[in-house]
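Below: the structure, in structure tokens.
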Amino acid sequence: AYLQPPYFDPNAEPAVNFGAIGAFIGHEMGHGFDDQGIIYDGEGRMRDWWSASALKQFHDRAHALIAQYDAYAPFPDTHVNGNRTIGENIADLSGLSLAYRAYHMYLADHPCAGQTSLDGLAGDQRFFEAWAQAWRYKAPESAIRYVIANGFHAPTQYRVNGVVRNLDAWYKAFNIQPGDKMYLPPEQRVQVW
């Protein structure tokens, strides 16, 4: 199912595939360094291999991300549980960050690939649009409440918006400014890696 639109399209411009399937691949890689993945070393052995300062930095950043997701409320009486969703939130943020870096590495060798597309969007805009379109989903309130109460993933609107508002590149791509609804001051943006 992943090797078809909206995740992958061999006829789409590179920004679309990097923003969709590239981010999904990066997401899975990110699990190697999420709240559970960090307890395993490079050989897959469970052990404490991080320095105390690196572990503290990781936990500080993870707690900041938890607080962001705790604040998301799709309904007045219901909030996302950032602690329960932290592994997936880290993987989403890591995955989109890795895909963006990979896309720009690709552009270094293929500069024409990042030009404005037929719909008038620049490559970086198409990249982030592909991320959002890969997650588009219309769910009844009962399904969203179920995911929040029982799942380890945030509802899809927060998997998209909760991630991009932490990435400086998204602000630049869409000229997001203070006062815009999704604006997050730079000092509050979380970069786990």
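Lettering and numbering for the structure tokens are positional, with chains as A, B, ... in the shown order, residues counted from 1 in each chain, and ligands counted from 1 in the shown order.
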
Per-residue nearest contacts of range 80-132 of chain A to range 162-184 of chain A (10 Å; only C-alpha atoms) as CSV:
residue,atom,partner,partner_atom,distance
A:Asn89,CA,A:Val163,CA,7.7
A:Ile90,CA,A:Val163,CA,9.0
A:Ala91,CA,A:Val163,CA,9.9
A:Asp92,CA,A:Val163,CA,6.8
A:Leu93,CA,A:Val163,CA,5.4
A:Ser94,CA,A:Val163,CA,9.1
A:Gly95,CA,A:Val163,CA,9.7
A:Leu96,CA,A:Val163,CA,7.9
A:Ser97,CA,A:Leu167,CA,7.6
A:Tyr100,CA,A:Ala169,CA,8.6
A:Leu121,CA,A:Ala173,CA,9.6
A:Ala122,CA,A:Ala173,CA,7.9
A:Gly123,CA,A:Ala173,CA,8.8
A:Asp124,CA,A:Ala173,CA,5.8
A:Gln125,CA,A:Ala173,CA,5.6
A:Arg126,CA,A:Ala173,CA,9.3
A:Phe127,CA,A:Trp170,CA,9.4
A:Phe128,CA,A:Trp170,CA,7.1
A:Trp131,CA,A:Val164,CA,9.2
A:Ala132,CA,A:Val164,CA,9.4

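Minimum atom-to-atom distances from A:Trp50, A:Phe24, A:Phe18, A:Tyr72 to Tyr2 in chain A were compared using only C-alpha atoms, and the lowest value belongs to A:Phe24.
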
**OP:** Could you pull out the residues in range 124-156 of chain A that DSSP calls helix (DSSP H, G or I) from the backbone, as a VMD selection string?
**Re:** chain A and resid 124 to 135 141 to 150 156

Original post:
Could you name the residues that touch Gly32 in chain A at 12 Å or less, counting only C-alpha atoms, but leaving out those on the same chain fewer than 3 positions away, as a list in words?
Top reply: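 With the cut-off at 12 Å, the set is Ile25, Gly26, His27, Glu28, Met29, Asp35, Gln36, Gly37, Ile38, Ile39, Tyr40, Asp41, Gly42, Glu43, Gly44, Gly87, Glu88, Ile90, Ala91, Ser94 and Gly95 of chain A.
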
Original post:
Rounded to one decimal in Å, what is the spacing between CA of Pro186 in chain A and CA of Gly120 in chain A?
Top reply: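 Pair CA of Pro186 in chain A / CA of Gly120 in chain A returns 27.9 Å.
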
If you take only C-alpha atoms and a cut-off of 10 Å, which residues of range 90-190 of chain A touch range 77-85 of chain A, and what are their nearest atom pairs and distances in Å to one decimal, in chain and number order, as JSON lines?
{"residue": "A:Ile90", "atom": "CA", "partner": "A:Thr85", "partner_atom": "CA", "distance": 8.6}
{"residue": "A:Ile144", "atom": "CA", "partner": "A:Thr78", "partner_atom": "CA", "distance": 9.9}
{"residue": "A:Arg145", "atom": "CA", "partner": "A:Thr78", "partner_atom": "CA", "distance": 7.7}
{"residue": "A:Val147", "atom": "CA", "partner": "A:Val80", "partner_atom": "CA", "distance": 9.2}
{"residue": "A:Ile148", "atom": "CA", "partner": "A:Val80", "partner_atom": "CA", "distance": 5.9}
{"residue": "A:Ala149", "atom": "CA", "partner": "A:Asn81", "partner_atom": "CA", "distance": 8.3}
{"residue": "A:Asn150", "atom": "CA", "partner": "A:Arg84", "partner_atom": "CA", "distance": 9.2}
{"residue": "A:Gly151", "atom": "CA", "partner": "A:Thr85", "partner_atom": "CA", "distance": 7.7}
{"residue": "A:Phe152", "atom": "CA", "partner": "A:Thr85", "partner_atom": "CA", "distance": 4.7}
{"residue": "A:His153", "atom": "CA", "partner": "A:Thr85", "partner_atom": "CA", "distance": 5.2}
{"residue": "A:Ala154", "atom": "CA", "partner": "A:Thr85", "partner_atom": "CA", "distance": 6.1}
{"residue": "A:Pro155", "atom": "CA", "partner": "A:Val80", "partner_atom": "CA", "distance": 8.0}
{"residue": "A:Tyr158", "atom": "CA", "partner": "A:Val80", "partner_atom": "CA", "distance": 8.9}

Next, write the just-selected residues to a file, as a PDB file, in the first residue's frame, keeping C-alpha atoms as the atom set.
ATOM      1  CA  ILE A  90       9.927  11.637  18.001  1.00  0.00           C
ATOM      2  CA  ILE A 144     -10.410  10.342  17.162  1.00  0.00           C
ATOM      3  CA  ARG A 145     -11.433   9.876  20.793  1.00  0.00           C
ATOM      4  CA  VAL A 147      -7.081   6.955  19.163  1.00  0.00           C
ATOM      5  CA  ILE A 148      -6.435   9.460  21.943  1.00  0.00           C
ATOM      6  CA  ALA A 149      -7.650   7.099  24.674  1.00  0.00           C
ATOM      7  CA  ASN A 150      -5.965   3.938  23.414  1.00  0.00           C
ATOM      8  CA  GLY A 151      -3.344   4.645  20.783  1.00  0.00           C
ATOM      9  CA  PHE A 152       0.329   5.459  20.719  1.00  0.00           C
ATOM     10  CA  HIS A 153      -0.069   7.874  17.799  1.00  0.00           C
ATOM     11  CA  ALA A 154      -1.408  11.403  17.986  1.00  0.00           C
ATOM     12  CA  PRO A 155      -4.407  12.133  15.759  1.00  0.00           C
ATOM     13  CA  TYR A 158      -1.164  16.749  15.098  1.00  0.00           C
TER      14      TYR A 158
END

**OP:** Identify which of the residues A:Thr156, A:Ala15, A:Pro74, A:Tyr146 lies closest to His104 in chain A, counting only C-alpha atoms when measuring atom-to-atom distances.
**Re:** A:Ala15
